[in-house]
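Asks: Pasting a structure here, questions to come.
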Amino acid sequence: GRLSILTYGLFFGRNTLSGSLPSQIGFLTGVSDGFIDFTNNQFTNLIPSQIGMLTSTTWYLNLNTNSFSGSLPSEIGKLTGFITALNVYSNQLTGLLPSQIGRLSILTSTLNLYGNSFNGNLPSELGQLTIMQSSLALKQNSFTGSVPSQLGRMTNLISNFDLYSNSFSGSLPSEIGLMTAMTATFNIYSNKITGEFPSEIGQFSIYKRNFRIYSNSLSGAIPSQLGLMTAMTNDFRLAINQFSGTIPSQLGSMSLLTSTFYLYSNSLTGSIPSQLGQLSVINSGFYLYSNDLCDDIPSQVAAISAIDSTYSVTSGNSLGTPCCETLPAVYSCF
């Protein structure tokens with residue numbers, strides 16, 4: 001607490017410090033143009049509310065990878081001078097995420113709160129972090145309720161929209177489609193999200209990898225607009241949902257995809273579009289099994305099996321059987 005004139009930074013990371021973080025940390029008000037780092041220790045108990053006294057312009061605050069418990073103090077919203085990153089991930093924090101966190105409006109890089117036990121609704125004020133670019137990581141918590149539409153205001157976020165492994169429910173807001181700077185790692189899998197998937201997300205035209213929305217309860221048709229994501233190179237996962245209707249032929253436009261095209265375990269019907277054969281460089285993970293697909297497999301699609309040893313299409317479908325809608329009128333469809 002006597003380091004009040006310290007200006008550059010304080011690094012106590014990667015030690016075996018334990019016990020409570022002293023409340024006197026709030027006296028480090030002179031730290032500017034630097035950092036405060038207590039990462040990878042064994043601190044326990046509450047994060048002291050005096051953390052909110054660190055209002056000078058500072059690059060980052062790291063409290064991650066400890067055993068802090070209790071709630072995140074609302075005073076965290078007073079850290080309006082932190083301009084790069086706030087890392088509080090991998091602790092044992094609980095309770096609601098304070099709405100005051102939206103006041104960190106000059107945060108440019110990362111807000112990493114994953115691997116805790118935060119619960120309740122996500123505060124809509126997070127949408128005020130409009131210049132953040134690198135990471136919004138809220139994964140592996142216990143958040144509930146709907147994903148706030150205000151998150152669509154984070155139009156400078158380039159990667160790591162990580163909300164997976166929570167208990168979010170309701171529909172995904174169409175405003176998320178405004179985040180057109182996204183290039184990688186859109187993760188909302190393993191939640192309880194329902195309703196139709198917003199077609200506006202097809203506006204992610206420069207998106208390249210790790211598009212994971214599997215293990216939810218999304219329903220309705222797969223938007224054909226997702227075929228506009230022509231820069232995709234790997235990891236497109238829509239599996240284990242309740243999508244219905246036919247597979248959009250436009251998905252064949254992802255011709256740069258080299259691995260992981262997962263549509264399995266949905267309720268997709270109709271024939272497989274021959275345009276999927278344009279995914280001709282995919283070498284692993286072409287999975288369409290466990291749907292209600294019918295008719296013969298187009299030769300262009302069957303050719304993928306020659307380069308993808310994990311190719312799995314037939315199991316749990318009715319391939320080789322004429323699709324009901326193509327049968328003569330004398331036949332009845334059940």
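Residue names in the structure tokens use chain letters A, B, ... in the order shown, residue numbers from 1 in each chain, and ligand numbers from 1 in the order shown.
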Within 12 Å of A:Asp37, counting only C-alpha atoms, which residues qualify if same-chain residues fewer than 2 places away don't, as a PyMOL selection string?

Replies: chain A and resi 8-15+21+25+31+34-35+39-41+58-66+85-88

Asks: Can you pull out every residue from stretch 29-278 of chain A that DSSP, working from the backbone, puts in strand (DSSP E or B), and format the result as an MDAnalysis selection string?

Replies: chainID A and resid 35:37 42:45 58:62 67:70 82:87 92:95 110:112 117:121 135:137 142:144 159:162 169:170 184:187 192:196 209:212 217:221 234:237 242:245 259:262 267:271

Asks: For atom CA of A:Ser315 and atom CA of A:Phe261, quote the distance in Å rounded to one decimal.

Replies: 16.0 Å

Asks: Find the spatial neighbours of A:Met179, counting only C-alpha atoms, within a cut-off of 10 Å - ignore same-chain residues fewer than 3 positions away - and output them as a PyMOL selection string.

Replies: chain A and resi 151-158+161+175-176+182-183+200-201+203-204

Asks: Write the residues of the preceding selection, restricted to N, CA, C and O atoms, as a PDB file, in the first residue's frame.

Replies:
```pdb
ATOM      1  N   LEU A 151     -25.743  -6.230 -27.674  1.00  0.00           N
ATOM      2  CA  LEU A 151     -24.406  -6.709 -28.022  1.00  0.00           C
ATOM      3  C   LEU A 151     -24.103  -6.495 -29.501  1.00  0.00           C
ATOM      4  O   LEU A 151     -22.938  -6.475 -29.902  1.00  0.00           O
ATOM      5  N   GLY A 152     -25.135  -6.328 -30.293  1.00  0.00           N
ATOM      6  CA  GLY A 152     -24.929  -6.038 -31.710  1.00  0.00           C
ATOM      7  C   GLY A 152     -24.237  -4.714 -31.972  1.00  0.00           C
ATOM      8  O   GLY A 152     -23.772  -4.457 -33.087  1.00  0.00           O
ATOM      9  N   ARG A 153     -24.151  -3.858 -30.943  1.00  0.00           N
ATOM     10  CA  ARG A 153     -23.452  -2.573 -31.099  1.00  0.00           C
ATOM     11  C   ARG A 153     -21.933  -2.736 -31.095  1.00  0.00           C
ATOM     12  O   ARG A 153     -21.201  -1.794 -31.405  1.00  0.00           O
ATOM     13  N   MET A 154     -21.461  -3.921 -30.754  1.00  0.00           N
ATOM     14  CA  MET A 154     -20.011  -4.152 -30.672  1.00  0.00           C
ATOM     15  C   MET A 154     -19.473  -4.430 -32.072  1.00  0.00           C
ATOM     16  O   MET A 154     -18.942  -5.504 -32.383  1.00  0.00           O
ATOM     17  N   THR A 155     -19.598  -3.446 -32.919  1.00  0.00           N
ATOM     18  CA  THR A 155     -19.321  -3.632 -34.346  1.00  0.00           C
ATOM     19  C   THR A 155     -17.835  -3.636 -34.692  1.00  0.00           C
ATOM     20  O   THR A 155     -17.490  -3.856 -35.857  1.00  0.00           O
ATOM     21  N   ASN A 156     -16.973  -3.396 -33.719  1.00  0.00           N
ATOM     22  CA  ASN A 156     -15.528  -3.465 -33.959  1.00  0.00           C
ATOM     23  C   ASN A 156     -14.916  -4.784 -33.522  1.00  0.00           C
ATOM     24  O   ASN A 156     -13.717  -5.004 -33.710  1.00  0.00           O
ATOM     25  N   LEU A 157     -15.734  -5.661 -32.937  1.00  0.00           N
ATOM     26  CA  LEU A 157     -15.220  -6.946 -32.464  1.00  0.00           C
ATOM     27  C   LEU A 157     -14.838  -7.810 -33.667  1.00  0.00           C
ATOM     28  O   LEU A 157     -15.655  -8.066 -34.549  1.00  0.00           O
ATOM     29  N   ILE A 158     -13.592  -8.258 -33.679  1.00  0.00           N
ATOM     30  CA  ILE A 158     -13.056  -9.034 -34.799  1.00  0.00           C
ATOM     31  C   ILE A 158     -13.152 -10.529 -34.536  1.00  0.00           C
ATOM     32  O   ILE A 158     -13.380 -11.317 -35.469  1.00  0.00           O
ATOM     33  N   PHE A 161     -16.307 -14.030 -29.936  1.00  0.00           N
ATOM     34  CA  PHE A 161     -17.612 -13.781 -29.329  1.00  0.00           C
ATOM     35  C   PHE A 161     -17.996 -15.101 -28.678  1.00  0.00           C
ATOM     36  O   PHE A 161     -18.612 -15.970 -29.283  1.00  0.00           O
ATOM     37  N   GLU A 175     -29.895  -8.324 -34.277  1.00  0.00           N
ATOM     38  CA  GLU A 175     -28.879  -7.266 -34.209  1.00  0.00           C
ATOM     39  C   GLU A 175     -27.459  -7.817 -34.172  1.00  0.00           C
ATOM     40  O   GLU A 175     -26.504  -7.098 -34.502  1.00  0.00           O
ATOM     41  N   ILE A 176     -27.287  -9.073 -33.777  1.00  0.00           N
ATOM     42  CA  ILE A 176     -25.953  -9.672 -33.772  1.00  0.00           C
ATOM     43  C   ILE A 176     -25.364  -9.645 -35.182  1.00  0.00           C
ATOM     44  O   ILE A 176     -24.151  -9.604 -35.359  1.00  0.00           O
ATOM     45  N   MET A 182     -16.492  -9.357 -37.682  1.00  0.00           N
ATOM     46  CA  MET A 182     -16.092 -10.667 -37.171  1.00  0.00           C
ATOM     47  C   MET A 182     -15.400 -11.499 -38.249  1.00  0.00           C
ATOM     48  O   MET A 182     -15.889 -11.615 -39.370  1.00  0.00           O
ATOM     49  N   THR A 183     -14.261 -12.078 -37.865  1.00  0.00           N
ATOM     50  CA  THR A 183     -13.540 -12.970 -38.774  1.00  0.00           C
ATOM     51  C   THR A 183     -13.365 -14.376 -38.210  1.00  0.00           C
ATOM     52  O   THR A 183     -13.092 -15.305 -38.973  1.00  0.00           O
ATOM     53  N   GLU A 200     -29.606 -12.419 -40.740  1.00  0.00           N
ATOM     54  CA  GLU A 200     -28.690 -11.277 -40.790  1.00  0.00           C
ATOM     55  C   GLU A 200     -27.245 -11.678 -40.501  1.00  0.00           C
ATOM     56  O   GLU A 200     -26.310 -10.969 -40.892  1.00  0.00           O
ATOM     57  N   ILE A 201     -27.037 -12.790 -39.825  1.00  0.00           N
ATOM     58  CA  ILE A 201     -25.673 -13.214 -39.504  1.00  0.00           C
ATOM     59  C   ILE A 201     -24.932 -13.647 -40.771  1.00  0.00           C
ATOM     60  O   ILE A 201     -23.704 -13.707 -40.801  1.00  0.00           O
ATOM     61  N   GLN A 203     -24.371 -11.764 -42.983  1.00  0.00           N
ATOM     62  CA  GLN A 203     -23.597 -10.581 -43.350  1.00  0.00           C
ATOM     63  C   GLN A 203     -22.154 -10.652 -42.862  1.00  0.00           C
ATOM     64  O   GLN A 203     -21.360  -9.751 -43.135  1.00  0.00           O
ATOM     65  N   PHE A 204     -21.802 -11.719 -42.165  1.00  0.00           N
ATOM     66  CA  PHE A 204     -20.411 -11.928 -41.742  1.00  0.00           C
ATOM     67  C   PHE A 204     -19.585 -12.358 -42.966  1.00  0.00           C
ATOM     68  O   PHE A 204     -19.035 -13.452 -43.021  1.00  0.00           O
TER      69      PHE A 204
END
```

Asks: Using Å and a single decimal, report how far atom CA of A:Asn191 sits from atom CA of A:Gln100.

Replies: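 Taking atom CA of A:Gln100 and atom CA of A:Asn191, their separation equals 25.1 Å.
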
Asks: Show me, as JSON, numbers by chain, the residues that have an atom within 12 Å of A:Asn266 when counting only C-alpha atoms, minus same-chain residues fewer than 2 positions from it.

Replies: {"A": [214, 215, 216, 217, 218, 219, 220, 221, 222, 237, 238, 239, 240, 241, 242, 243, 244, 245, 246, 247, 262, 263, 264, 268, 269, 287, 288, 289, 290, 291, 292, 293, 316, 317]}

Asks: Out of A:Ser105, A:Ser271, A:Thr110, A:Asn210, which residue has the shortest atom-to-atom distance to A:Pro322 when counting only C-alpha atoms?

Replies: A:Ser271

Asks: How many Å separate atom CA of A:Asn166 from atom CA of A:Ser142?

Replies: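 Interatomic distance, atom CA of A:Asn166 to atom CA of A:Ser142: 4.8 Å.
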
Asks: Skip A:Thr233 itself and residues of its chain fewer than 4 positions away, then list as a short mmCIF file (atom, residue, chain, number, x, y, z; two decimals) with N, CA and C atoms, in the first residue's frame all residues within 10 Å of it, counting only C-alpha atoms.

Replies:
```cif
data_model
loop_
_atom_site.label_atom_id
_atom_site.label_comp_id
_atom_site.auth_asym_id
_atom_site.auth_seq_id
_atom_site.Cartn_x
_atom_site.Cartn_y
_atom_site.Cartn_z
N TYR A 207 -15.92 -13.62 -42.58
CA TYR A 207 -15.73 -14.60 -41.52
C TYR A 207 -14.99 -15.82 -42.07
N LYS A 208 -14.02 -16.37 -41.26
CA LYS A 208 -13.16 -17.43 -41.77
C LYS A 208 -13.25 -18.76 -41.03
N ARG A 209 -13.38 -18.76 -39.71
CA ARG A 209 -13.25 -20.04 -39.01
C ARG A 209 -13.96 -20.02 -37.66
N ASN A 210 -14.31 -21.24 -37.22
CA ASN A 210 -14.89 -21.47 -35.89
C ASN A 210 -16.25 -20.78 -35.73
N MET A 229 -21.06 -16.50 -46.51
CA MET A 229 -19.81 -16.55 -45.73
C MET A 229 -18.77 -17.36 -46.53
N MET A 254 -19.23 -22.17 -49.81
CA MET A 254 -18.10 -22.17 -48.88
C MET A 254 -17.01 -23.10 -49.41
N SER A 255 -16.57 -22.83 -50.60
CA SER A 255 -15.69 -23.77 -51.31
C SER A 255 -14.27 -23.81 -50.76
N LEU A 256 -13.92 -22.89 -49.83
CA LEU A 256 -12.59 -22.89 -49.22
C LEU A 256 -12.54 -23.73 -47.95
N LEU A 257 -13.68 -24.28 -47.55
CA LEU A 257 -13.77 -25.02 -46.30
C LEU A 257 -12.94 -26.30 -46.38
N THR A 258 -12.00 -26.45 -45.44
CA THR A 258 -11.12 -27.62 -45.44
C THR A 258 -11.49 -28.66 -44.39
N SER A 259 -12.28 -28.28 -43.38
CA SER A 259 -12.67 -29.25 -42.36
C SER A 259 -13.92 -28.79 -41.63
N THR A 260 -14.68 -29.77 -41.15
CA THR A 260 -15.78 -29.60 -40.21
C THR A 260 -16.96 -28.83 -40.80
N VAL A 281 -12.53 -29.42 -51.16
CA VAL A 281 -11.23 -29.51 -50.48
C VAL A 281 -11.38 -29.90 -49.01
N ILE A 282 -12.61 -30.23 -48.60
CA ILE A 282 -12.82 -30.62 -47.21
C ILE A 282 -12.21 -32.00 -46.99
#
```

Asks: Would you kindly return, as a ChimeraX atom specification, each protein, DNA or RNA residue with an atom no farther than 6 Å from any atom of A:Asn112, considering only C-alpha atoms and excluding same-chain residues fewer than 2 positions away?

Replies: /A:87,89,114,137

Asks: May I ask which of the residues A:Ser159, A:Ser174, A:Gln300, A:Gln150 is the closest one to A:Ile206, counting only C-alpha atoms?

Replies: A:Ser159
